[in-house]
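This report refers to the structure that appears directly beneath it.
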Amino acid sequence: MVLSSFLLAQAGGWVFIDPRSQGQVAGNRMGWRVQVGAFIHKRNAERLAAKLHRQIDQPIYIVVEPPWHKVLVGDFVKKEDAEKYLEVIRSLGYADAFVKESPVNAQNDDSLQGGSQGQDQGN
């Protein structure tokens with residue numbers, strides 16, 4: 001089942017992270033992500049992640065925090081960047097989304113390389 005979830009996640013365009021599994025980590029430093037949903041049933045989180053993958057150009061994570069499967073978006077080192085991207089997510093109809101402190105993969109934050117994450121989404 002773990003392998004099938006991994007393959008489904010690769011095909012769906014998101015990363016499935018279960019900290020209970022050895023070697024799985026949610027990031028390499030503390031930062032910020034936008035939480036779009038939380039579900040008891042993993043399949044519901046996978047559906048939302050797949051939908052988001054078609055709508056946005058940011059990393060998408062399903063992070064297991066029992067009993068929840070949380071759908072998180074982005075890898076923002078600065079809270080301000082996460083808050084800006086929250087507006088993008090809300091404009092797509094996810095009114096209950098919010099910014100949450102989380103381990104992030106800092107190498108994915110374009111602002112560290114002088115880019116402007118959350119802009120030029122084309123959506």
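Going by the structure tokens order, chains are called A, B, ..., each with residues numbered from 1, while ligands are numbered from 1 in the order shown.
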
Please list as a list in words every residue within 7 Å of segment 90-97 of chain A, counting only C-alpha atoms and excluding residues in the same chain fewer than 3 positions away. Val34, Gln35, Val36, Gly37, Leu86 and Glu87 of chain A

Quick one: residues within 7 Å of Ala45 of chain A, only C-alpha atoms counted, chain neighbours fewer than 6 positions away excluded, as a PDB file with C-alpha atoms, in the first residue's frame?
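File written: out31.pdb
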```pdb
ATOM      1  CA  ALA A  38      -7.305  18.230   6.307  1.00  0.00           C
ATOM      2  CA  PHE A  39      -9.048  14.876   6.008  1.00  0.00           C
ATOM      3  CA  ILE A  62       0.070  15.445   1.953  1.00  0.00           C
ATOM      4  CA  HIS A  69      -4.005  13.836   6.172  1.00  0.00           C
ATOM      5  CA  LYS A  70      -3.186  17.515   5.686  1.00  0.00           C
ATOM      6  CA  VAL A  71      -2.850  19.046   2.217  1.00  0.00           C
TER       7      VAL A  71
END
```

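Taking atom CA of Tyr85 of chain A as the reference point, atom CA of Gln55 of chain A is found at 13.1 Å.
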
Would you please work out which residue, of A:Val15, A:Ile60, A:Ile89, A:Leu52, is nearest to Asp75 of chain A when using only C-alpha atoms? A:Ile60
